[in-house]
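Source file protein.pdb; content: PDB, C-alpha atoms, pLDDT in the B column.
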```pdb
ATOM      1  CA  MET A   1      33.066  10.640 -54.652  1.00 49.00           C
ATOM      2  CA  GLU A   2      31.419  12.663 -52.073  1.00 50.00           C
ATOM      3  CA  HIS A   3      29.020  10.924 -49.869  1.00 52.00           C
ATOM      4  CA  GLU A   4      26.089  13.110 -49.437  1.00 54.00           C
ATOM      5  CA  ALA A   5      24.796  13.207 -45.946  1.00 55.00           C
ATOM      6  CA  GLN A   6      21.483  11.490 -45.818  1.00 56.00           C
ATOM      7  CA  PRO A   7      18.864  13.611 -44.185  1.00 54.00           C
ATOM      8  CA  VAL A   8      18.035  12.215 -40.786  1.00 52.00           C
ATOM      9  CA  GLU A   9      14.357  11.745 -40.331  1.00 50.00           C
ATOM     10  CA  THR A  10      13.330  13.432 -37.178  1.00 50.00           C
ATOM     11  CA  SER A  11       9.962  13.093 -35.692  1.00 47.00           C
ATOM     12  CA  GLU A  12       8.026  16.278 -35.346  1.00 48.00           C
ATOM     13  CA  HIS A  13       5.949  14.844 -32.539  1.00 47.00           C
ATOM     14  CA  PRO A  14       7.632  15.710 -29.233  1.00 49.00           C
ATOM     15  CA  MET A  15       6.431  12.573 -27.498  1.00 47.00           C
ATOM     16  CA  GLU A  16       7.455  10.132 -30.214  1.00 47.00           C
ATOM     17  CA  HIS A  17      10.405   8.712 -28.324  1.00 49.00           C
ATOM     18  CA  SER A  18       9.246   9.177 -24.766  1.00 47.00           C
ATOM     19  CA  LEU A  19       8.489   6.304 -22.434  1.00 52.00           C
ATOM     20  CA  PRO A  20       4.859   5.152 -22.402  1.00 51.00           C
ATOM     21  CA  GLU A  21       4.391   6.150 -18.775  1.00 50.00           C
ATOM     22  CA  VAL A  22       5.874   9.610 -19.374  1.00 48.00           C
ATOM     23  CA  ARG A  23       3.856   9.945 -22.540  1.00 45.00           C
ATOM     24  CA  SER A  24       0.621   9.155 -20.727  1.00 48.00           C
ATOM     25  CA  ARG A  25       1.488  11.698 -18.052  1.00 47.00           C
ATOM     26  CA  GLU A  26       2.294  14.355 -20.637  1.00 44.00           C
ATOM     27  CA  THR A  27      -0.871  13.568 -22.538  1.00 44.00           C
ATOM     28  CA  LEU A  28      -2.778  13.832 -19.321  1.00 44.00           C
ATOM     29  CA  SER A  29      -1.297  17.227 -18.508  1.00 43.00           C
ATOM     30  CA  ALA A  30      -1.860  18.447 -22.044  1.00 40.00           C
ATOM     31  CA  THR A  31      -5.480  17.455 -22.320  1.00 41.00           C
ATOM     32  CA  SER A  32      -6.792  17.588 -18.751  1.00 43.00           C
ATOM     33  CA  PRO A  33      -4.689  19.673 -16.396  1.00 46.00           C
ATOM     34  CA  LEU A  34      -4.976  18.509 -12.816  1.00 63.00           C
ATOM     35  CA  ALA A  35      -6.289  21.257 -10.626  1.00 70.00           C
ATOM     36  CA  PRO A  36      -4.681  21.139  -7.192  1.00 74.00           C
ATOM     37  CA  SER A  37      -7.047  21.307  -4.262  1.00 72.00           C
ATOM     38  CA  SER A  38      -6.853  23.904  -1.547  1.00 86.00           C
ATOM     39  CA  THR A  39      -4.526  23.472   1.381  1.00 89.00           C
ATOM     40  CA  LEU A  40      -7.487  22.840   3.671  1.00 91.00           C
ATOM     41  CA  THR A  41      -8.728  20.048   1.410  1.00 91.00           C
ATOM     42  CA  LEU A  42      -5.243  18.571   1.287  1.00 93.00           C
ATOM     43  CA  VAL A  43      -4.933  18.545   5.063  1.00 94.00           C
ATOM     44  CA  LEU A  44      -8.462  17.220   5.558  1.00 94.00           C
ATOM     45  CA  ALA A  45      -7.950  14.452   3.014  1.00 94.00           C
ATOM     46  CA  CYS A  46      -4.683  13.350   4.612  1.00 95.00           C
ATOM     47  CA  LEU A  47      -6.178  13.428   8.099  1.00 95.00           C
ATOM     48  CA  ALA A  48      -9.227  11.535   6.916  1.00 95.00           C
ATOM     49  CA  THR A  49      -7.039   8.842   5.385  1.00 96.00           C
ATOM     50  CA  PHE A  50      -5.091   8.595   8.643  1.00 96.00           C
ATOM     51  CA  LEU A  51      -8.359   8.179  10.533  1.00 95.00           C
ATOM     52  CA  PHE A  52      -9.724   5.541   8.191  1.00 94.00           C
ATOM     53  CA  PRO A  53      -8.103   4.083   5.054  1.00 95.00           C
ATOM     54  CA  GLY A  54      -9.712   5.297   1.848  1.00 94.00           C
ATOM     55  CA  LEU A  55     -11.658   8.138   3.437  1.00 95.00           C
ATOM     56  CA  GLY A  56      -9.352  10.765   1.979  1.00 95.00           C
ATOM     57  CA  HIS A  57      -9.884   9.396  -1.517  1.00 95.00           C
ATOM     58  CA  LEU A  58     -13.635   9.628  -1.004  1.00 94.00           C
ATOM     59  CA  ILE A  59     -13.274  13.275   0.034  1.00 93.00           C
ATOM     60  CA  LEU A  60     -11.384  13.875  -3.205  1.00 93.00           C
ATOM     61  CA  ARG A  61     -14.177  12.084  -5.105  1.00 92.00           C
ATOM     62  CA  ARG A  62     -12.101   9.073  -6.081  1.00 93.00           C
ATOM     63  CA  TRP A  63     -14.901   6.699  -5.190  1.00 94.00           C
ATOM     64  CA  GLY A  64     -13.541   3.483  -6.636  1.00 93.00           C
ATOM     65  CA  ARG A  65     -10.070   3.915  -5.177  1.00 94.00           C
ATOM     66  CA  GLY A  66     -11.423   4.918  -1.812  1.00 95.00           C
ATOM     67  CA  ALA A  67     -13.730   1.928  -1.624  1.00 96.00           C
ATOM     68  CA  LEU A  68     -11.029  -0.525  -2.689  1.00 96.00           C
ATOM     69  CA  LEU A  69      -8.505   0.898  -0.252  1.00 96.00           C
ATOM     70  CA  ALA A  70     -11.012   0.839   2.592  1.00 96.00           C
ATOM     71  CA  LEU A  71     -11.839  -2.781   1.855  1.00 96.00           C
ATOM     72  CA  SER A  72      -8.209  -3.834   1.451  1.00 97.00           C
ATOM     73  CA  ILE A  73      -6.569  -2.115   4.401  1.00 97.00           C
ATOM     74  CA  GLY A  74      -9.617  -2.333   6.629  1.00 96.00           C
ATOM     75  CA  GLY A  75     -10.028  -5.974   5.731  1.00 96.00           C
ATOM     76  CA  MET A  76      -6.377  -6.649   6.406  1.00 96.00           C
ATOM     77  CA  PHE A  77      -6.668  -5.006   9.812  1.00 96.00           C
ATOM     78  CA  LEU A  78      -9.803  -6.888  10.829  1.00 95.00           C
ATOM     79  CA  LEU A  79      -8.600 -10.242   9.564  1.00 95.00           C
ATOM     80  CA  GLY A  80      -5.253  -9.790  11.267  1.00 95.00           C
ATOM     81  CA  MET A  81      -6.858  -9.073  14.586  1.00 94.00           C
ATOM     82  CA  PHE A  82      -9.913 -11.312  14.747  1.00 94.00           C
ATOM     83  CA  TRP A  83      -9.221 -14.189  12.388  1.00 93.00           C
ATOM     84  CA  LEU A  84      -5.469 -14.610  12.625  1.00 93.00           C
ATOM     85  CA  ASP A  85      -5.118 -13.720  16.333  1.00 92.00           C
ATOM     86  CA  GLY A  86      -2.597 -10.925  15.900  1.00 94.00           C
ATOM     87  CA  HIS A  87      -2.295  -8.076  18.352  1.00 94.00           C
ATOM     88  CA  LEU A  88      -1.538  -4.376  18.374  1.00 94.00           C
ATOM     89  CA  TYR A  89       1.558  -2.975  20.048  1.00 92.00           C
ATOM     90  CA  ARG A  90       1.695  -0.367  22.746  1.00 88.00           C
ATOM     91  CA  PRO A  91       4.785   1.832  23.069  1.00 80.00           C
ATOM     92  CA  ASP A  92       6.557   0.262  26.017  1.00 74.00           C
ATOM     93  CA  LEU A  93       9.130   2.746  27.260  1.00 73.00           C
ATOM     94  CA  SER A  94       9.286   1.450  30.818  1.00 76.00           C
ATOM     95  CA  GLY A  95      12.687  -0.161  30.377  1.00 72.00           C
ATOM     96  CA  PRO A  96      15.937   1.322  29.110  1.00 77.00           C
ATOM     97  CA  LEU A  97      15.854   2.486  25.516  1.00 79.00           C
ATOM     98  CA  SER A  98      17.862   0.050  23.459  1.00 82.00           C
ATOM     99  CA  LEU A  99      17.964  -1.269  19.952  1.00 83.00           C
ATOM    100  CA  PHE A 100      15.970  -4.256  21.140  1.00 82.00           C
ATOM    101  CA  THR A 101      13.235  -1.996  22.527  1.00 80.00           C
ATOM    102  CA  VAL A 102      13.136   0.008  19.334  1.00 82.00           C
ATOM    103  CA  LEU A 103      12.832  -3.089  17.170  1.00 84.00           C
ATOM    104  CA  THR A 104      10.359  -5.009  19.289  1.00 83.00           C
ATOM    105  CA  HIS A 105       8.130  -2.270  20.652  1.00 85.00           C
ATOM    106  CA  ILE A 106       8.554   1.171  19.106  1.00 88.00           C
ATOM    107  CA  ALA A 107       8.849   0.182  15.443  1.00 91.00           C
ATOM    108  CA  PRO A 108       5.797  -2.133  15.534  1.00 93.00           C
ATOM    109  CA  PHE A 109       3.877   0.548  17.417  1.00 93.00           C
ATOM    110  CA  LEU A 110       4.712   3.110  14.724  1.00 94.00           C
ATOM    111  CA  ALA A 111       3.608   0.648  12.061  1.00 95.00           C
ATOM    112  CA  ASN A 112       0.333  -0.118  13.837  1.00 95.00           C
ATOM    113  CA  VAL A 113      -0.396   3.569  14.317  1.00 94.00           C
ATOM    114  CA  GLY A 114      -0.522   3.946  10.519  1.00 95.00           C
ATOM    115  CA  VAL A 115      -4.202   3.064  10.693  1.00 93.00           C
ATOM    116  CA  GLY A 116      -4.624   5.859  13.210  1.00 89.00           C
ATOM    117  CA  GLY A 117      -8.371   5.887  13.661  1.00 92.00           C
ATOM    118  CA  LEU A 118      -8.701   2.130  13.900  1.00 93.00           C
ATOM    119  CA  TYR A 119      -5.782   1.968  16.349  1.00 94.00           C
ATOM    120  CA  GLY A 120      -7.324   4.743  18.427  1.00 94.00           C
ATOM    121  CA  LEU A 121     -10.672   2.988  18.488  1.00 94.00           C
ATOM    122  CA  CYS A 122      -9.062  -0.236  19.634  1.00 94.00           C
ATOM    123  CA  TYR A 123      -7.109   1.697  22.268  1.00 93.00           C
ATOM    124  CA  LEU A 124     -10.270   3.280  23.633  1.00 93.00           C
ATOM    125  CA  LEU A 125     -12.113  -0.042  23.707  1.00 94.00           C
ATOM    126  CA  ASP A 126      -9.005  -1.906  24.935  1.00 92.00           C
ATOM    127  CA  VAL A 127      -9.413  -4.447  22.189  1.00 90.00           C
ATOM    128  CA  GLY A 128      -6.678  -6.214  20.297  1.00 92.00           C
ATOM    129  CA  PHE A 129      -3.694  -5.561  22.541  1.00 92.00           C
ATOM    130  CA  GLN A 130      -3.524  -8.957  24.158  1.00 90.00           C
ATOM    131  CA  ALA A 131      -1.009 -11.315  22.614  1.00 89.00           C
ATOM    132  CA  HIS A 132      -1.949 -14.891  21.721  1.00 87.00           C
ATOM    133  CA  PRO A 133       1.437 -16.496  21.068  1.00 89.00           C
ATOM    134  CA  ALA A 134      -0.033 -20.000  21.283  1.00 90.00           C
ATOM    135  CA  ALA A 135      -2.215 -19.380  18.239  1.00 89.00           C
ATOM    136  CA  PRO A 136      -0.757 -21.001  15.093  1.00 90.00           C
ATOM    137  CA  THR A 137      -1.347 -17.874  13.010  1.00 91.00           C
ATOM    138  CA  TYR A 138      -0.133 -15.404  15.646  1.00 92.00           C
ATOM    139  CA  GLU A 139       2.813 -14.087  13.637  1.00 93.00           C
ATOM    140  CA  ILE A 140       0.745 -13.914  10.473  1.00 94.00           C
ATOM    141  CA  GLY A 141      -1.891 -11.859  12.258  1.00 95.00           C
ATOM    142  CA  ASN A 142       0.775  -9.501  13.559  1.00 95.00           C
ATOM    143  CA  THR A 143       2.131  -9.154  10.036  1.00 95.00           C
ATOM    144  CA  PHE A 144      -1.305  -8.297   8.708  1.00 96.00           C
ATOM    145  CA  LEU A 145      -1.709  -5.580  11.332  1.00 96.00           C
ATOM    146  CA  LEU A 146       1.769  -4.124  10.800  1.00 96.00           C
ATOM    147  CA  VAL A 147       1.482  -4.080   7.011  1.00 97.00           C
ATOM    148  CA  ALA A 148      -1.996  -2.534   7.141  1.00 97.00           C
ATOM    149  CA  GLY A 149      -0.548   0.424   9.017  1.00 96.00           C
ATOM    150  CA  LEU A 150       2.435   0.752   6.721  1.00 97.00           C
ATOM    151  CA  LEU A 151       0.255   0.587   3.626  1.00 97.00           C
ATOM    152  CA  ASN A 152      -1.920   3.357   5.027  1.00 97.00           C
ATOM    153  CA  TYR A 153       1.136   5.623   5.204  1.00 96.00           C
ATOM    154  CA  LEU A 154       1.542   5.017   1.460  1.00 96.00           C
ATOM    155  CA  VAL A 155      -2.108   5.797   0.909  1.00 96.00           C
ATOM    156  CA  ILE A 156      -1.703   9.095   2.793  1.00 96.00           C
ATOM    157  CA  LEU A 157       1.109  10.015   0.405  1.00 96.00           C
ATOM    158  CA  ASP A 158      -1.110   9.053  -2.534  1.00 95.00           C
ATOM    159  CA  VAL A 159      -3.918  11.266  -1.266  1.00 95.00           C
ATOM    160  CA  SER A 160      -1.447  14.096  -0.870  1.00 95.00           C
ATOM    161  CA  ASP A 161      -0.306  13.694  -4.482  1.00 94.00           C
ATOM    162  CA  ILE A 162      -3.874  13.673  -5.767  1.00 93.00           C
ATOM    163  CA  ALA A 163      -4.804  16.739  -3.728  1.00 93.00           C
ATOM    164  CA  ARG A 164      -1.736  18.608  -5.009  1.00 91.00           C
ATOM    165  CA  GLY A 165      -2.678  17.807  -8.582  1.00 90.00           C
ATOM    166  CA  ARG A 166       0.329  15.579  -9.240  1.00 88.00           C
ATOM    167  CA  LYS A 167      -1.826  12.551  -9.967  1.00 85.00           C
ATOM    168  CA  ARG A 168      -5.200  11.994 -11.515  1.00 80.00           C
TER     169      ARG A 168
ATOM    170  CA  MET B 169      -4.938 -24.478   4.933  1.00 76.00           C
ATOM    171  CA  LYS B 170      -5.429 -21.343   6.967  1.00 84.00           C
ATOM    172  CA  HIS B 171      -1.841 -20.343   6.246  1.00 89.00           C
ATOM    173  CA  LEU B 172      -2.352 -20.688   2.489  1.00 91.00           C
ATOM    174  CA  VAL B 173      -5.571 -18.680   2.568  1.00 93.00           C
ATOM    175  CA  ALA B 174      -3.834 -16.022   4.654  1.00 94.00           C
ATOM    176  CA  MET B 175      -0.989 -15.827   2.130  1.00 94.00           C
ATOM    177  CA  VAL B 176      -3.416 -15.441  -0.781  1.00 95.00           C
ATOM    178  CA  LEU B 177      -5.385 -12.754   1.042  1.00 96.00           C
ATOM    179  CA  PHE B 178      -2.211 -10.911   1.991  1.00 96.00           C
ATOM    180  CA  ALA B 179      -1.038 -10.952  -1.622  1.00 96.00           C
ATOM    181  CA  LEU B 180      -4.438  -9.756  -2.782  1.00 97.00           C
ATOM    182  CA  PHE B 181      -4.702  -6.864  -0.342  1.00 97.00           C
ATOM    183  CA  VAL B 182      -1.148  -5.662  -0.920  1.00 97.00           C
ATOM    184  CA  ALA B 183      -1.531  -5.970  -4.709  1.00 97.00           C
ATOM    185  CA  VAL B 184      -4.682  -3.856  -4.654  1.00 97.00           C
ATOM    186  CA  VAL B 185      -3.040  -1.109  -2.613  1.00 97.00           C
ATOM    187  CA  PHE B 186       0.176  -1.127  -4.642  1.00 97.00           C
ATOM    188  CA  ALA B 187      -1.777  -0.983  -7.897  1.00 96.00           C
ATOM    189  CA  ILE B 188      -3.903   1.959  -6.778  1.00 95.00           C
ATOM    190  CA  VAL B 189      -0.976   3.909  -5.379  1.00 95.00           C
ATOM    191  CA  SER B 190       1.463   3.243  -8.224  1.00 94.00           C
ATOM    192  CA  LYS B 191      -0.618   3.562 -11.365  1.00 92.00           C
ATOM    193  CA  GLU B 192      -3.234   6.011 -12.576  1.00 90.00           C
ATOM    194  CA  SER B 193      -5.394   4.498 -15.291  1.00 92.00           C
ATOM    195  CA  PRO B 194      -7.688   1.597 -14.320  1.00 92.00           C
ATOM    196  CA  ARG B 195      -6.176  -0.625 -16.983  1.00 94.00           C
ATOM    197  CA  ASP B 196      -2.623  -0.014 -15.765  1.00 95.00           C
ATOM    198  CA  GLN B 197      -3.740  -0.515 -12.197  1.00 95.00           C
ATOM    199  CA  PHE B 198      -5.367  -3.853 -13.011  1.00 96.00           C
ATOM    200  CA  THR B 199      -2.358  -5.122 -14.970  1.00 96.00           C
ATOM    201  CA  TYR B 200       0.107  -4.061 -12.313  1.00 96.00           C
ATOM    202  CA  GLY B 201      -2.068  -5.444  -9.537  1.00 96.00           C
ATOM    203  CA  VAL B 202      -2.238  -8.844 -11.195  1.00 97.00           C
ATOM    204  CA  LYS B 203       1.541  -8.869 -11.637  1.00 97.00           C
ATOM    205  CA  VAL B 204       2.158  -7.944  -8.008  1.00 97.00           C
ATOM    206  CA  PHE B 205      -0.374 -10.529  -6.802  1.00 97.00           C
ATOM    207  CA  PHE B 206       1.271 -13.391  -8.643  1.00 97.00           C
ATOM    208  CA  ALA B 207       4.722 -12.125  -7.735  1.00 97.00           C
ATOM    209  CA  PHE B 208       3.852 -12.261  -4.036  1.00 96.00           C
ATOM    210  CA  LEU B 209       2.358 -15.721  -4.395  1.00 95.00           C
ATOM    211  CA  GLY B 210       5.319 -16.962  -6.401  1.00 95.00           C
ATOM    212  CA  VAL B 211       7.910 -15.630  -3.989  1.00 95.00           C
ATOM    213  CA  GLY B 212       5.951 -16.944  -1.030  1.00 93.00           C
ATOM    214  CA  LEU B 213       5.748 -20.436  -2.469  1.00 93.00           C
ATOM    215  CA  ALA B 214       9.395 -20.360  -3.511  1.00 95.00           C
ATOM    216  CA  LEU B 215      10.508 -19.347  -0.023  1.00 93.00           C
ATOM    217  CA  ALA B 216       8.278 -22.018   1.479  1.00 91.00           C
ATOM    218  CA  TRP B 217       9.952 -24.713  -0.588  1.00 93.00           C
ATOM    219  CA  ILE B 218      13.404 -23.333   0.203  1.00 95.00           C
ATOM    220  CA  MET B 219      12.627 -23.444   3.918  1.00 92.00           C
ATOM    221  CA  TYR B 220      11.002 -26.893   3.721  1.00 91.00           C
ATOM    222  CA  PRO B 221      14.204 -28.952   4.154  1.00 92.00           C
ATOM    223  CA  PHE B 222      14.982 -27.032   7.317  1.00 90.00           C
ATOM    224  CA  SER B 223      11.562 -27.467   8.912  1.00 82.00           C
TER     225      SER B 223
END
```
What do you get writing this file as structure tokens?
Amino acid sequence: MEHEAQPVETSEHPMEHSLPEVRSRETLSATSPLAPSSTLTLVLACLATFLFPGLGHLILRRWGRGALLALSIGGMFLLGMFWLDGHLYRPDLSGPLSLFTVLTHIAPFLANVGVGGLYGLCYLLDVGFQAHPAAPTYEIGNTFLLVAGLLNYLVILDVSDIARGRKR
Amino acid sequence: MKHLVAMVLFALFVAVVFAIVSKESPRDQFTYGVKVFFAFLGVGLALAWIMYPFS
């Protein structure tokens, strides 16, 4: 007795079996194509975000995101410095370059510089560079300041993606 | 108490940024942000209890 091959039901919808996140992205591209901004806008938005967190999103008219990012990263920076007694790092290259110097001076400096405009302002006013190791929340304050800078690097990448039309 | 408040604020700020950067729709952002917030708090408290015998 021949076993007839049962017809396999295939979905005609191309996104039937795709992941929800991919499906939403495909739906997005199908219904509302993201128009990439000009190169000048891209550069300005990234520079603006480097100067102050969230400013690039505001330039790209993402008001809610820009405001939330400004409050979060700016708040983290201010709390770390003035409430938790953290301090910013200067690049100290006076001694021999070693792994210790890289880990304790250069890497924290690069992290702090992530909030470029705020770091520059503090540098000009000479505010926030003095260490308070006796303060009980000294390390926590330093962590707030380091992470604020690192998060701003992520935000710059996000602004770049939005300006290129890769994200909504 | 200041340490606990600092931990909660840190989790909140990082969760907001991660949610905005990682997801696109407001609903996805909110859901992901809440998950990240509680994940940070949970891991922080767990590590605190693990370190407690050695303090």
* Considering all atoms listed in the file, state which residue in the set B:Met219, B:Gln197, B:His171, B:Lys203 is at the smallest distance from Ile140 in chain A. => B:His171
Starting from the shown file, work through the ChimeraX specification (/B :<10) & /A and note down what comes out as an mmCIF file with C-alpha atoms, in the coordinates of the input.
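Listing of part.cif after writing:
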```
data_model
loop_
_atom_site.group_PDB
_atom_site.id
_atom_site.type_symbol
_atom_site.label_atom_id
_atom_site.label_comp_id
_atom_site.auth_asym_id
_atom_site.auth_seq_id
_atom_site.Cartn_x
_atom_site.Cartn_y
_atom_site.Cartn_z
ATOM 1 C CA GLU A 21 4.391 6.150 -18.775
ATOM 2 C CA SER A 24 0.621 9.155 -20.727
ATOM 3 C CA ARG A 25 1.488 11.698 -18.052
ATOM 4 C CA GLY A 64 -13.541 3.483 -6.636
ATOM 5 C CA ARG A 65 -10.070 3.915 -5.177
ATOM 6 C CA GLY A 66 -11.423 4.918 -1.812
ATOM 7 C CA LEU A 68 -11.029 -0.525 -2.689
ATOM 8 C CA LEU A 69 -8.505 0.898 -0.252
ATOM 9 C CA ALA A 70 -11.012 0.839 2.592
ATOM 10 C CA LEU A 71 -11.839 -2.781 1.855
ATOM 11 C CA SER A 72 -8.209 -3.834 1.451
ATOM 12 C CA ILE A 73 -6.569 -2.115 4.401
ATOM 13 C CA GLY A 74 -9.617 -2.333 6.629
ATOM 14 C CA GLY A 75 -10.028 -5.974 5.731
ATOM 15 C CA MET A 76 -6.377 -6.649 6.406
ATOM 16 C CA LEU A 79 -8.600 -10.242 9.564
ATOM 17 C CA GLY A 80 -5.253 -9.790 11.267
ATOM 18 C CA TRP A 83 -9.221 -14.189 12.388
ATOM 19 C CA LEU A 84 -5.469 -14.610 12.625
ATOM 20 C CA PRO A 136 -0.757 -21.001 15.093
ATOM 21 C CA THR A 137 -1.347 -17.874 13.010
ATOM 22 C CA ILE A 140 0.745 -13.914 10.473
ATOM 23 C CA GLY A 141 -1.891 -11.859 12.258
ATOM 24 C CA THR A 143 2.131 -9.154 10.036
ATOM 25 C CA PHE A 144 -1.305 -8.297 8.708
ATOM 26 C CA VAL A 147 1.482 -4.080 7.011
ATOM 27 C CA ALA A 148 -1.996 -2.534 7.141
ATOM 28 C CA LEU A 151 0.255 0.587 3.626
ATOM 29 C CA ASN A 152 -1.920 3.357 5.027
ATOM 30 C CA LEU A 154 1.542 5.017 1.460
ATOM 31 C CA VAL A 155 -2.108 5.797 0.909
ATOM 32 C CA ILE A 156 -1.703 9.095 2.793
ATOM 33 C CA LEU A 157 1.109 10.015 0.405
ATOM 34 C CA ASP A 158 -1.110 9.053 -2.534
ATOM 35 C CA VAL A 159 -3.918 11.266 -1.266
ATOM 36 C CA ASP A 161 -0.306 13.694 -4.482
ATOM 37 C CA LYS A 167 -1.826 12.551 -9.967
ATOM 38 C CA ARG A 168 -5.200 11.994 -11.515
#
```
* To do: For CA of Leu213 in chain B and CA of Gly114 in chain A, quote the distance in Å rounded to one decimal.
  =>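 Straight-line distance from CA of Leu213 in chain B to CA of Gly114 in chain A works out to 28.3 Å.
Distance-wise, CA of Val113 in chain A and CA of Leu55 in chain A end up 16.3 Å apart.
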Enclose the full set of atoms of range 181-186 of chain B listed in the file within a box whose edges lie along x, y and z, apply 4 Å of padding to each of the six sides, and report centre and edge lengths in Å to one decimal as AutoDock Vina command-line options.
```
--center_x -2.3 --center_y -4.0 --center_z -2.5 --size_x 12.9 --size_y 13.8 --size_z 12.4
```
* the PyMOL selection byres ((chain A and resi 34-38) around 6) on the file shown: which residues, as a count of residues only? -> 7
* Could you tell me how far CA of Tyr89 in chain A lies from CA of Leu150 in chain A, in Å and to one decimal? =>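 Atom-to-atom, CA of Tyr89 in chain A and CA of Leu150 in chain A are spaced 13.9 Å apart.
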* Asked: With distances taken over all atoms listed in the file, which of A:Leu58, A:Met81, A:Ala111, A:Leu44 is nearest to Ala131 in chain A?
  ->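 Once distances to Ala131 in chain A are computed over all atoms listed in the file, the minimum belongs to A:Met81.
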